[in-house]
$ cat work_20.txt   # compact mmCIF, C-alpha atoms
# COMPACT_ATOMS: atom_id res chain seq x y z
CA MET A 1390 99.05 66.88 168.50
CA PRO A 1391 97.81 69.05 171.40
CA ASN A 1392 98.25 67.69 174.90
CA ALA A 1393 95.84 67.50 177.80
CA CYS A 1394 96.22 71.16 178.68
CA GLY A 1395 95.69 72.48 175.16
CA GLY A 1396 99.32 73.39 174.54
CA ALA A 1397 101.31 72.28 171.54
CA ALA A 1398 103.32 69.17 172.26
CA ALA A 1399 107.02 69.81 171.74
CA PRO A 1400 108.64 67.30 169.38
CA ARG A 1401 111.24 64.94 170.76
CA ASP A 1402 113.49 63.13 168.30
CA GLU A 1403 115.22 59.84 169.04
CA ALA A 1404 118.68 61.43 169.38
CA HIS A 1405 117.39 63.89 171.97
CA LEU A 1406 115.72 61.11 173.94
CA ARG A 1407 118.88 59.00 173.98
CA ARG A 1408 120.91 61.94 175.26
CA HIS A 1409 118.56 62.34 178.19
CA GLY A 1410 118.14 58.66 179.10
CA ARG A 1411 114.84 58.14 177.32
CA ALA A 1412 115.46 55.34 174.88
CA SER A 1413 112.24 55.51 172.86
CA TYR A 1414 109.12 57.57 172.49
CA VAL A 1415 105.76 56.78 171.02
CA GLY A 1416 104.35 60.29 170.67
CA PRO A 1417 102.35 62.43 173.07
CA VAL A 1418 99.28 60.96 174.77
CA PRO A 1419 96.96 63.30 176.68
CA LEU A 1420 97.38 62.79 180.40
CA ASP A 1421 94.11 62.03 182.19
CA LEU A 1422 94.58 64.37 185.13
CA GLU A 1423 91.41 63.22 186.87
CA PHE A 1424 92.77 59.68 186.93
CA VAL A 1425 96.20 60.88 188.05
CA ARG A 1426 94.98 63.00 190.94
CA ALA A 1427 92.69 60.21 192.13
CA GLN A 1428 95.86 58.23 192.89
CA PHE A 1429 97.04 60.82 195.45
CA PRO A 1430 95.02 60.88 198.71
CA ALA A 1431 96.71 64.12 199.82
CA PHE A 1432 94.53 66.16 197.48
CA ASP A 1433 91.44 65.19 199.50
CA ARG A 1434 92.88 66.07 202.89
CA PRO A 1435 91.42 69.18 204.56
CA GLY A 1436 94.75 71.01 204.68
CA ASN A 1437 95.13 70.77 200.90
CA VAL A 1438 91.60 71.50 199.73
CA GLY A 1439 91.50 74.82 197.91
CA GLN A 1440 95.29 74.95 197.88
CA SER A 1441 97.91 74.53 195.17
CA PHE A 1442 101.05 72.58 196.04
CA PHE A 1443 104.23 74.14 194.64
CA GLU A 1444 106.90 72.61 196.87
CA ASN A 1445 107.30 69.33 195.01
CA ALA A 1446 111.08 69.76 194.65
CA GLY A 1447 111.25 69.51 198.43
CA GLY A 1448 109.14 66.36 198.47
CA SER A 1449 106.20 65.14 196.43
CA PHE A 1450 102.91 63.73 197.63
CA ALA A 1451 102.95 59.94 197.97
CA CYS A 1452 100.73 57.97 195.61
CA ARG A 1453 98.05 55.68 197.00
CA GLN A 1454 100.04 52.60 195.97
CA THR A 1455 102.97 53.66 198.16
CA ILE A 1456 100.75 54.37 201.15
CA ASP A 1457 98.93 51.06 200.80
CA ALA A 1458 102.19 49.12 200.49
CA LEU A 1459 103.57 50.65 203.68
CA HIS A 1460 100.34 49.91 205.52
CA ARG A 1461 100.36 46.29 204.34
CA PHE A 1462 103.97 45.74 205.33
CA TYR A 1463 103.55 47.18 208.81
CA THR A 1464 100.31 45.26 209.27
CA ASP A 1465 101.25 41.88 207.79
CA THR A 1466 105.03 41.46 207.68
CA LYS A 1467 106.70 43.82 210.17
CA VAL A 1468 109.19 41.19 211.31
CA GLN A 1469 112.85 40.46 210.73
CA PRO A 1470 113.00 39.33 207.08
CA TYR A 1471 114.61 36.33 205.39
CA ALA A 1472 113.83 33.66 208.00
CA ASP A 1473 111.90 30.50 207.09
CA TYR A 1474 108.57 31.29 208.76
CA ALA A 1475 105.90 32.63 206.42
CA THR A 1476 105.71 36.31 207.39
CA SER A 1477 109.49 36.65 207.51
CA LYS A 1478 109.90 34.94 204.17
CA SER A 1479 107.26 37.22 202.65
CA ALA A 1480 109.01 40.32 204.02
CA GLY A 1481 112.30 39.31 202.42
CA GLU A 1482 110.63 38.46 199.13
CA GLN A 1483 108.96 41.88 199.04
CA MET A 1484 112.31 43.60 199.61
CA ASP A 1485 113.99 41.58 196.87
CA ARG A 1486 111.09 42.18 194.50
CA SER A 1487 111.28 45.92 195.07
CA ARG A 1488 114.95 45.96 194.10
CA GLU A 1489 114.32 43.80 191.03
CA ARG A 1490 111.48 46.02 189.84
CA TRP A 1491 113.51 49.21 190.20
CA ALA A 1492 116.35 47.59 188.27
CA GLU A 1493 113.96 46.79 185.41
CA ALA A 1494 112.49 50.29 185.52
CA LEU A 1495 115.92 51.96 185.31
CA GLY A 1496 117.40 49.54 182.79
CA VAL A 1497 120.07 48.11 185.09
CA ALA A 1498 120.88 44.88 186.95
CA SER A 1499 119.33 44.24 190.36
CA THR A 1500 122.83 43.87 191.86
CA GLU A 1501 123.46 47.51 190.87
CA VAL A 1502 120.57 48.93 192.93
CA VAL A 1503 121.35 50.19 196.44
CA PHE A 1504 118.76 51.56 198.88
CA GLY A 1505 119.84 53.92 201.65
CA PRO A 1506 118.27 56.24 204.22
CA SER A 1507 118.55 59.29 201.95
CA THR A 1508 120.40 60.55 198.89
CA SER A 1509 122.50 62.77 201.17
CA MET A 1510 123.62 59.74 203.17
CA ASN A 1511 124.15 57.64 200.05
CA THR A 1512 126.41 60.35 198.63
CA TYR A 1513 128.29 60.66 201.91
CA VAL A 1514 129.01 56.93 202.01
CA LEU A 1515 129.90 56.90 198.32
CA ALA A 1516 132.39 59.75 198.80
CA ALA A 1517 133.96 57.88 201.71
CA ALA A 1518 134.37 54.84 199.47
CA PHE A 1519 136.05 56.90 196.75
CA GLY A 1520 138.33 58.23 199.46
CA GLY A 1521 139.76 54.73 199.70
CA VAL A 1522 140.93 54.71 196.07
CA LEU A 1523 141.80 58.33 195.26
CA GLY A 1524 144.84 60.30 196.37
CA ALA A 1525 147.48 62.86 195.49
CA GLY A 1526 147.82 63.30 191.73
CA ASP A 1527 144.22 62.35 191.06
CA GLU A 1528 141.87 65.05 189.82
CA VAL A 1529 138.22 65.46 190.80
CA ILE A 1530 135.79 67.72 188.93
CA VAL A 1531 132.82 69.19 190.81
CA THR A 1532 130.27 71.81 189.78
CA ASN A 1533 128.80 74.80 191.58
CA GLN A 1534 125.38 73.85 190.16
CA ASP A 1535 125.02 70.87 192.49
CA HIS A 1536 122.90 70.45 195.59
CA GLU A 1537 125.29 70.58 198.54
CA ALA A 1538 124.56 66.98 199.52
CA ASN A 1539 126.21 65.81 196.32
CA THR A 1540 129.06 68.24 195.91
CA GLY A 1541 129.91 68.84 199.57
CA ALA A 1542 130.78 65.25 200.47
CA VAL A 1543 132.89 64.82 197.33
CA ARG A 1544 134.71 68.14 197.93
CA ARG A 1545 135.61 67.13 201.49
CA MET A 1546 136.83 63.74 200.31
CA ALA A 1547 139.02 65.36 197.64
CA GLU A 1548 140.53 67.81 200.12
CA GLN A 1549 141.19 65.12 202.73
CA ASN A 1550 142.88 62.92 200.13
CA THR A 1551 144.93 65.82 198.68
CA CYS A 1552 143.35 65.34 195.26
CA THR A 1553 143.40 68.22 192.79
CA MET A 1554 139.87 69.61 192.72
CA ARG A 1555 138.64 71.47 189.67
CA GLU A 1556 135.35 73.36 189.64
CA TRP A 1557 133.15 73.35 186.56
CA ARG A 1558 131.40 76.69 187.06
CA THR A 1559 128.06 77.89 185.80
CA ASP A 1560 127.53 80.95 183.64
CA PRO A 1561 126.96 83.79 186.15
CA GLU A 1562 124.02 85.13 184.16
CA THR A 1563 122.16 81.98 183.16
CA GLY A 1564 123.22 79.48 185.81
CA LEU A 1565 123.90 76.93 183.05
CA LEU A 1566 126.90 74.64 182.58
CA ASP A 1567 128.87 74.82 179.32
CA ILE A 1568 130.08 71.38 178.23
CA GLY A 1569 132.94 73.05 176.35
CA ARG A 1570 134.24 74.16 179.73
CA LEU A 1571 134.13 70.59 181.00
CA GLU A 1572 136.20 69.46 178.03
CA SER A 1573 138.88 71.98 178.98
CA LEU A 1574 138.93 70.70 182.57
CA LEU A 1575 139.21 67.00 181.76
CA SER A 1576 142.66 65.42 181.65
CA PRO A 1577 144.20 61.93 181.81
CA ARG A 1578 144.48 62.50 185.59
CA THR A 1579 140.72 63.05 186.03
CA ARG A 1580 139.33 60.22 188.10
CA LEU A 1581 135.89 61.48 189.13
CA VAL A 1582 133.27 63.91 187.83
CA THR A 1583 130.13 64.86 189.75
CA VAL A 1584 127.23 66.64 188.06
CA PRO A 1585 123.47 67.13 188.52
CA HIS A 1586 121.03 65.83 185.93
CA ALA A 1587 119.13 69.04 186.70
CA SER A 1588 119.76 71.72 189.31
CA ASN A 1589 117.20 72.19 192.09
CA ILE A 1590 117.36 75.94 191.38
CA VAL A 1591 118.18 76.35 187.66
CA GLY A 1592 115.88 73.56 186.42
CA GLN A 1593 117.51 72.91 183.05
CA GLU A 1594 118.58 69.35 182.19
CA ASN A 1595 122.25 68.69 181.61
CA ASP A 1596 123.27 66.41 178.73
CA ILE A 1597 124.35 63.50 180.92
CA ALA A 1598 125.00 61.02 178.10
CA ARG A 1599 127.47 63.42 176.50
CA ILE A 1600 129.07 64.29 179.84
CA THR A 1601 129.60 60.64 180.75
CA ALA A 1602 131.03 59.90 177.29
CA LEU A 1603 133.56 62.72 177.67
CA ALA A 1604 134.51 61.67 181.19
CA HIS A 1605 134.81 58.00 180.27
CA GLY A 1606 137.03 59.06 177.40
CA VAL A 1607 139.74 60.01 179.90
CA GLY A 1608 139.00 57.09 182.23
CA ALA A 1609 136.98 59.03 184.81
CA ARG A 1610 133.96 57.83 186.74
CA VAL A 1611 130.77 59.93 186.84
CA ILE A 1612 128.34 60.51 189.71
CA VAL A 1613 124.99 61.95 188.61
CA ASP A 1614 122.61 63.58 191.09
CA GLY A 1615 119.18 62.83 189.62
CA VAL A 1616 117.13 64.13 192.55
CA SER A 1617 115.68 67.11 190.67
CA TYR A 1618 115.19 65.25 187.40
CA ALA A 1619 113.67 61.88 188.42
CA PRO A 1620 110.27 63.30 189.54
CA HIS A 1621 109.67 64.20 185.88
CA GLY A 1622 110.47 60.75 184.49
CA PHE A 1623 112.52 57.74 185.57
CA PRO A 1624 115.53 57.66 183.21
CA ASP A 1625 117.17 54.79 181.39
CA VAL A 1626 120.34 54.87 183.47
CA ALA A 1627 122.11 52.40 181.19
CA ALA A 1628 121.46 54.70 178.20
CA LEU A 1629 122.93 57.62 180.14
CA ASP A 1630 125.91 55.37 181.02
CA ALA A 1631 126.36 57.06 184.39
CA ASP A 1632 128.56 55.08 186.79
CA VAL A 1633 126.43 56.28 189.72
CA TYR A 1634 122.92 57.68 189.52
CA LEU A 1635 121.20 58.84 192.70
CA PHE A 1636 117.73 60.15 193.48
CA SER A 1637 115.32 60.50 196.39
CA LEU A 1638 112.29 58.25 196.39
CA TYR A 1639 110.30 60.63 198.58
CA LYS A 1640 110.47 63.19 195.76
CA THR A 1641 109.16 60.61 193.30
CA TYR A 1642 105.83 59.75 194.96
CA SER A 1643 107.38 56.97 197.04
CA VAL A 1644 108.90 56.31 200.47
CA HIS A 1645 111.47 58.40 202.35
CA GLN A 1646 114.53 56.59 201.07
CA GLY A 1647 117.41 57.24 198.69
CA LEU A 1648 118.03 54.99 195.69
CA MET A 1649 121.50 54.69 194.19
CA VAL A 1650 122.49 52.81 191.05
CA VAL A 1651 126.18 51.83 190.89
CA ARG A 1652 127.20 50.48 187.49
CA ASN A 1653 130.04 49.51 185.17
CA GLY A 1654 131.83 47.35 187.74
CA LEU A 1655 132.39 50.29 190.07
CA LEU A 1656 130.80 48.55 193.03
CA ASP A 1657 133.56 45.93 193.04
CA GLU A 1658 136.29 48.57 192.71
CA LEU A 1659 135.25 50.61 195.74
CA PRO A 1660 136.19 49.42 199.24
CA ASN A 1661 133.47 47.84 201.34
CA GLN A 1662 131.73 50.36 203.65
CA SER A 1663 129.72 47.78 205.58
CA HIS A 1664 130.58 44.98 208.02
CA PHE A 1665 133.39 42.77 206.77
CA PHE A 1666 131.02 39.85 206.29
CA ASN A 1667 128.88 41.94 203.92
CA ALA A 1668 131.71 42.59 201.49
CA SER A 1669 130.32 40.12 198.95
CA VAL A 1670 126.72 41.35 199.16
CA PRO A 1671 126.24 44.03 196.44
CA ASP A 1672 123.37 45.94 198.03
CA LYS A 1673 125.16 46.12 201.40
CA ARG A 1674 128.69 47.15 200.39
CA LEU A 1675 127.77 50.84 200.30
CA ASN A 1676 125.23 50.73 203.13
CA PRO A 1677 126.86 50.69 206.58
CA ALA A 1678 123.53 50.46 208.40
CA GLY A 1679 120.82 47.86 208.14
CA PRO A 1680 118.03 48.67 205.67
CA ASP A 1681 114.62 50.00 206.64
CA HIS A 1682 112.72 46.84 205.75
CA ALA A 1683 109.30 48.42 205.30
CA GLN A 1684 110.52 51.26 203.12
CA VAL A 1685 112.69 49.05 200.92
CA ALA A 1686 109.80 46.61 200.46
CA SER A 1687 107.39 49.47 199.65
CA ALA A 1688 109.77 51.44 197.44
CA GLY A 1689 108.65 49.65 194.30
CA ALA A 1690 104.95 50.38 194.82
CA VAL A 1691 105.23 53.67 192.94
CA LEU A 1692 105.95 51.55 189.88
CA ASP A 1693 102.46 50.09 190.31
CA TYR A 1694 101.23 53.66 189.86
CA VAL A 1695 103.34 54.01 186.71
CA VAL A 1696 101.96 50.76 185.30
CA ALA A 1697 98.39 51.77 186.18
CA THR A 1698 98.92 55.08 184.37
CA HIS A 1699 100.45 53.26 181.40
CA THR A 1700 97.55 50.83 181.01
CA HIS A 1701 94.89 53.47 181.71
CA HIS A 1702 96.28 55.40 178.75
CA GLY A 1703 96.20 52.43 176.39
CA GLY A 1704 99.51 50.75 177.14
CA ALA A 1705 99.81 46.98 177.21
CA ALA A 1706 99.90 45.29 180.61
CA SER A 1707 102.59 42.97 179.22
CA ASP A 1708 104.99 45.85 178.52
CA SER A 1709 108.18 45.95 180.57
CA LEU A 1710 108.60 48.43 183.38
CA ARG A 1711 111.23 50.21 181.29
CA VAL A 1712 108.72 50.73 178.47
CA ALA A 1713 106.03 51.86 180.92
CA CYS A 1714 108.42 54.33 182.56
CA GLU A 1715 109.46 55.77 179.19
CA ARG A 1716 105.91 56.22 178.00
CA VAL A 1717 104.50 57.58 181.25
CA GLY A 1718 107.50 59.86 181.74
CA ALA A 1719 106.87 61.27 178.25
CA MET A 1720 103.27 62.01 179.22
CA TRP A 1721 104.38 63.64 182.46
CA ARG A 1722 106.82 65.92 180.67
CA GLU A 1723 104.40 66.84 177.88
CA HIS A 1724 101.89 67.90 180.54
CA GLU A 1725 104.51 69.89 182.43
CA ASP A 1726 105.77 71.52 179.24
CA ALA A 1727 102.28 72.81 178.51
CA LEU A 1728 102.12 74.53 181.90
CA THR A 1729 105.68 75.72 182.46
CA PRO A 1730 105.73 78.62 179.94
CA THR A 1731 102.79 80.34 181.63
CA LEU A 1732 104.60 80.47 184.96
CA LEU A 1733 107.92 81.38 183.37
CA ASP A 1734 106.33 84.22 181.40
CA ALA A 1735 104.67 85.59 184.53
CA LEU A 1736 108.12 85.98 186.10
CA ARG A 1737 110.34 86.60 183.08
CA THR A 1738 108.39 89.67 181.99
CA ARG A 1739 108.58 91.42 185.36
CA SER A 1740 111.21 94.04 186.16
CA ASP A 1741 110.92 93.54 189.92
CA VAL A 1742 112.14 89.91 190.03
CA ARG A 1743 115.12 88.00 188.70
CA LEU A 1744 114.25 84.59 187.30
CA ILE A 1745 117.01 82.05 187.90
CA GLY A 1746 117.67 79.77 184.93
CA PRO A 1747 116.10 79.63 181.45
CA GLY A 1748 113.02 81.73 180.85
CA SER A 1749 111.56 79.39 178.25
CA LEU A 1750 111.52 75.73 177.24
CA GLY A 1751 113.54 76.53 174.13
CA ALA A 1752 116.39 78.32 175.87
CA VAL A 1753 118.36 75.08 175.81
CA ASP A 1754 117.45 71.94 173.86
CA GLY A 1755 114.98 69.81 175.74
CA HIS A 1756 112.54 69.75 178.62
CA ARG A 1757 113.07 72.32 181.35
CA CYS A 1758 112.20 70.79 184.70
CA PRO A 1759 109.45 72.92 186.27
CA THR A 1760 111.54 73.88 189.28
CA ILE A 1761 111.34 77.65 189.04
CA ALA A 1762 113.26 79.90 191.40
CA PHE A 1763 113.26 83.68 191.47
CA SER A 1764 114.76 86.51 193.49
CA PRO A 1765 112.33 89.36 194.24
CA LEU A 1766 114.24 92.64 193.94
CA THR A 1767 112.06 95.00 196.02
CA ILE A 1768 110.42 92.69 198.56
CA GLU A 1769 112.08 90.16 200.85
CA PRO A 1770 111.72 86.53 199.68
CA ALA A 1771 110.33 85.59 203.10
CA THR A 1772 107.56 88.17 202.68
CA VAL A 1773 106.74 87.01 199.15
CA GLN A 1774 106.57 83.41 200.29
CA ARG A 1775 104.32 84.23 203.25
CA ARG A 1776 101.93 86.21 201.06
CA LEU A 1777 101.81 83.48 198.44
CA VAL A 1778 100.81 81.02 201.14
CA GLU A 1779 98.04 83.41 202.19
CA HIS A 1780 96.74 83.18 198.60
CA GLY A 1781 96.67 79.36 198.68
CA VAL A 1782 100.03 78.76 197.00
CA GLN A 1783 101.93 76.22 199.10
CA THR A 1784 105.59 77.06 198.61
CA SER A 1785 108.75 78.03 200.46
CA TYR A 1786 111.87 80.15 200.25
CA GLY A 1787 115.53 79.83 201.27
CA ASP A 1788 118.78 78.57 199.78
CA PHE A 1789 117.44 75.01 199.31
CA TYR A 1790 120.95 73.61 200.02
CA ALA A 1791 122.08 75.34 196.82
CA VAL A 1792 124.29 78.01 198.35
CA ARG A 1793 127.00 77.54 195.72
CA VAL A 1794 124.42 77.79 192.94
CA LEU A 1795 123.09 81.09 194.24
CA ASN A 1796 126.56 82.48 194.88
CA GLY A 1797 127.48 81.50 191.32
CA VAL A 1798 124.69 83.65 189.84
CA GLY A 1799 125.25 86.54 192.23
CA VAL A 1800 122.24 86.03 194.49
CA ASP A 1801 122.56 86.49 198.26
CA ALA A 1802 122.12 82.95 199.58
CA GLN A 1803 121.29 84.20 203.09
CA ARG A 1804 118.40 86.21 201.66
CA GLY A 1805 117.41 83.21 199.56
CA VAL A 1806 114.99 82.81 196.69
CA VAL A 1807 111.36 81.84 196.31
CA ARG A 1808 110.84 78.52 194.55
CA LEU A 1809 107.72 77.29 192.77
CA SER A 1810 108.12 73.64 191.77
CA PHE A 1811 105.46 71.44 190.26
CA VAL A 1812 105.05 68.00 188.69
CA HIS A 1813 102.65 66.11 186.48
CA TYR A 1814 99.71 66.16 188.90
CA THR A 1815 99.63 69.97 188.86
CA THR A 1816 96.61 71.47 187.07
CA ARG A 1817 96.09 74.50 184.87
CA ALA A 1818 94.01 75.94 187.73
CA ASP A 1819 97.02 75.58 190.05
CA ILE A 1820 99.18 77.52 187.60
CA ASP A 1821 96.52 80.20 187.22
CA ARG A 1822 96.29 80.54 191.01
CA ALA A 1823 100.06 80.93 191.26
CA VAL A 1824 100.19 83.57 188.48
CA ASP A 1825 97.31 85.51 190.00
CA ALA A 1826 98.93 85.34 193.44
CA LEU A 1827 102.25 86.55 192.06
CA ASP A 1828 100.54 89.55 190.47
CA ARG A 1829 98.87 90.43 193.76
CA VAL A 1830 101.88 89.81 195.98
CA LEU A 1831 104.44 91.59 193.82
CA ALA A 1832 102.21 94.55 192.86

$ encode --input "work_20.txt" --output "structure tokens"
Amino acid sequence: MPNACGGAAAPRDEAHLRRHGRASYVGPVPLDLEFVRAQFPAFDRPGNVGQSFFENAGGSFACRQTIDALHRFYTDTKVQPYADYATSKSAGEQMDRSRERWAEALGVASTEVVFGPSTSMNTYVLAAAFGGVLGAGDEVIVTNQDHEANTGAVRRMAEQNTCTMREWRTDPETGLLDIGRLESLLSPRTRLVTVPHASNIVGQENDIARITALAHGVGARVIVDGVSYAPHGFPDVAALDADVYLFSLYKTYSVHQGLMVVRNGLLDELPNQSHFFNASVPDKRLNPAGPDHAQVASAGAVLDYVVATHTHHGGAASDSLRVACERVGAMWREHEDALTPTLLDALRTRSDVRLIGPGSLGAVDGHRCPTIAFSPLTIEPATVQRRLVEHGVQTSYGDFYAVRVLNGVGVDAQRGVVRLSFVHYTTRADIDRAVDALDRVLA
């Protein structure tokens, strides 16, 4: 069946979907892009008219549902929550409801959902907690494909606790991780493995279900950085069986918060990082500071957008959030997969740039997240980026906190790379503008 952009829809079998945290799939449904873009007020703002937004990996546009929820909270219930008077009670109920809805969406228990000020801060606190249970003789596996916020905090913790740290390194040509290499690094002394669901430079998904199974086989816990994957579909975290799954809500059309799922009894094993009297409160144990009430309460509003998309495309209003997320995520990825090859081909076939990561969807089994980084060989990345902006392509350049990733593939991190990242609300016209601009800028 062709998808909304006229491309052939790539088949996805049940085994593939399970491996990537997508428990079921009902077949491709054309994504109504007019409906989708109508949910994002940013497209109508003067600064974005006639422009194409390609910096989604740095932060997506917020959907109308998120914006409205924040406005309502600040207008109606901006008080200290959980007291008995009406506005306070409503504020607390909204915060609790947000956590419950995200738990349903991700296939986990509400007591396993933790909100924090950012994924970087959530990872920092998490690493500090692991520092209370790990020590000499314990082994920690990190990758050089991770965003520094994930790997850096864990590396420092391992060094401070005199743990043995082993690095699962990427292939220097492709930037990909070989699971066979992980198997050779694992041992009965491995206590912790950290890995990205997808790199914010390389783009390719890692097989998280298989990685967690291997790590659990030796008794290790697994932290998964889902920041660069979650904008392309909210995963079934229980199906992945990750002990910790983190992502940034502001990159998934929501508020500027980090969401962390802590599963498999791990929350009770880690030492309390909050006030002593919060030790028995699951969502506070790994959150030293008080929550941002408005953002926690509004965090679940993006799920209203998911449900609206689900029902607009023929889904039942009675379906669970997990079902809606699976179906809508499938539509998002089918749309992205129809656009990604055009942009990849425009870079892969040039001799004056180096594309980082797979040059096609089929390079590795599965969806390639449309986070596409390249190193121009004859022009400075800063110049390329500036000229792309002049042609209406909103993008950026730099190391994107992926210094280890770039070093691993032999790219000068100080010089940086140009990154074009898009999501499901990107149009064929946006891709065409980017390709045309690349031809002009790199000529």

$ atom_distance --input "work_20.txt" --atom1 "CA of Leu1831 (chain A)" --atom2 "CA of Leu1744 (chain A)"
13.7 Å

$ residues_around --input "work_20.txt" --residues "Leu1635 (chain A)" --least-positions-apart "4" --cutoff "10 Å" --atoms "all atoms listed in the file" --output "count of residues only"
23

$ atom_distance --input "work_20.txt" --atom1 "CA of Met1546 (chain A)" --atom2 "CA of Ala1802 (chain A)"
24.2 Å

$ closest_residue --input "work_20.txt" --among "A:Trp1557, A:Ala1713, A:Asp1657, A:Val1626" --to "His1701 (chain A)" --atoms "all atoms listed in the file"
A:Ala1713

$ closest_residue --input "work_20.txt" --among "A:Val1782, A:Val1806, A:Ala1446, A:Leu1675" --to "Leu1766 (chain A)" --atoms "all atoms listed in the file"
A:Val1806

$ atom_distance --input "work_20.txt" --atom1 "CA of Thr1464 (chain A)" --atom2 "CA of Gly1505 (chain A)"
22.7 Å

$ residues_near_point --input "work_20.txt" --point "(139.8, 56.2, 180.0)" --cutoff "10 Å" --atoms "only C-alpha atoms" --output "tab-separated table (two decimals) with C-alpha atoms, in the frame of the given file"
chain	number	residue	atom	x	y	z
A	1576	SER	CA	142.66	65.42	181.65
A	1577	PRO	CA	144.20	61.93	181.81
A	1578	ARG	CA	144.48	62.50	185.59
A	1579	THR	CA	140.72	63.05	186.03
A	1580	ARG	CA	139.33	60.22	188.10
A	1602	ALA	CA	131.03	59.90	177.29
A	1603	LEU	CA	133.56	62.72	177.67
A	1604	ALA	CA	134.51	61.67	181.19
A	1605	HIS	CA	134.81	58.00	180.27
A	1606	GLY	CA	137.03	59.06	177.40
A	1607	VAL	CA	139.74	60.01	179.90
A	1608	GLY	CA	139.00	57.09	182.23
A	1609	ALA	CA	136.98	59.03	184.81
A	1610	ARG	CA	133.96	57.83	186.74

$ closest_residue --input "work_20.txt" --among "A:Gln1774, A:Ser1643, A:Thr1815, A:Ser1663" --to "Leu1728 (chain A)" --atoms "only C-alpha atoms"
A:Thr1815

$ residues_around --input "work_20.txt" --residues "Arg1488 (chain A)" --least-positions-apart "4" --cutoff "8 Å" --atoms "only C-alpha atoms" --output "list of chain:residue names"
A:Met1484, A:Ala1492, A:Ser1499, A:Val1502, A:Val1685, A:Gly1689

$ closest_residue --input "work_20.txt" --among "A:Leu1629, A:Val1644, A:Val1830, A:Ala1688" --to "Phe1450 (chain A)" --atoms "all atoms listed in the file"
A:Val1644

$ residues_around --input "work_20.txt" --residues "region 1821-1825 of chain A" --least-positions-apart "4" --cutoff "9 Å" --atoms "all atoms listed in the file" --output "ChimeraX atom specification"
/A:1440-1441,1443,1731-1732,1735-1736,1777,1780-1782,1809,1816-1817,1829-1830

$ residues_around --input "work_20.txt" --residues "Gly1569 (chain A)" --least-positions-apart "5" --cutoff "12 Å" --atoms "all atoms listed in the file" --output "PyMOL selection string"
chain A and resi 1557-1559+1574-1575+1596+1599-1600+1603

$ write_last_selection --input "work_20.txt" --atoms "C-alpha atoms" --output "PDB file, in the frame of the given file"
ATOM      1  CA  TRP A1557     133.150  73.350 186.560  1.00  0.00           C
ATOM      2  CA  ARG A1558     131.400  76.690 187.060  1.00  0.00           C
ATOM      3  CA  THR A1559     128.060  77.890 185.800  1.00  0.00           C
ATOM      4  CA  LEU A1574     138.930  70.700 182.570  1.00  0.00           C
ATOM      5  CA  LEU A1575     139.210  67.000 181.760  1.00  0.00           C
ATOM      6  CA  ASP A1596     123.270  66.410 178.730  1.00  0.00           C
ATOM      7  CA  ARG A1599     127.470  63.420 176.500  1.00  0.00           C
ATOM      8  CA  ILE A1600     129.070  64.290 179.840  1.00  0.00           C
ATOM      9  CA  LEU A1603     133.560  62.720 177.670  1.00  0.00           C
TER      10      LEU A1603
END

$ closest_residue --input "work_20.txt" --among "A:Arg1453, A:His1621, A:His1699, A:His1536" --to "Val1591 (chain A)" --atoms "all atoms listed in the file"
A:His1536

$ residues_around --input "work_20.txt" --residues "Ala1525 (chain A)" --least-positions-apart "6" --cutoff "8 Å" --atoms "all atoms listed in the file" --output "list in words"
Asn1550, Thr1551, Cys1552 and Thr1553 of chain A

$ closest_residue --input "work_20.txt" --among "A:Glu1658, A:Glu1493, A:Glu1769, A:Asp1801" --to "Leu1523 (chain A)" --atoms "all atoms listed in the file"
A:Glu1658

$ residues_near_point --input "work_20.txt" --point "(128.9, 48.4, 201.7)" --cutoff "12 Å" --atoms "all atoms listed in the file" --output "count of residues only"
34

$ build_atoms --input "work_20.txt" --residues "region 1683-1690 of chain A" --atoms "N, CA and C atoms" --output "compact mmCIF listing (two decimals), in the coordinates of the input"
# COMPACT_ATOMS: atom_id res chain seq x y z
N ALA A 1683 110.60 48.02 205.82
CA ALA A 1683 109.30 48.42 205.30
C ALA A 1683 109.45 49.36 204.10
N GLN A 1684 110.39 50.29 204.20
CA GLN A 1684 110.52 51.26 203.12
C GLN A 1684 111.16 50.64 201.88
N VAL A 1685 112.11 49.74 202.08
CA VAL A 1685 112.69 49.05 200.92
C VAL A 1685 111.61 48.21 200.24
N ALA A 1686 110.85 47.47 201.02
CA ALA A 1686 109.80 46.61 200.46
C ALA A 1686 108.74 47.43 199.73
N SER A 1687 108.46 48.64 200.22
CA SER A 1687 107.39 49.47 199.65
C SER A 1687 107.90 50.41 198.57
N ALA A 1688 109.20 50.48 198.38
CA ALA A 1688 109.77 51.44 197.44
C ALA A 1688 109.31 51.22 196.01
N GLY A 1689 109.05 49.96 195.66
CA GLY A 1689 108.65 49.65 194.30
C GLY A 1689 107.19 49.88 194.01
N ALA A 1690 106.39 50.23 195.04
CA ALA A 1690 104.95 50.38 194.82
C ALA A 1690 104.63 51.54 193.89
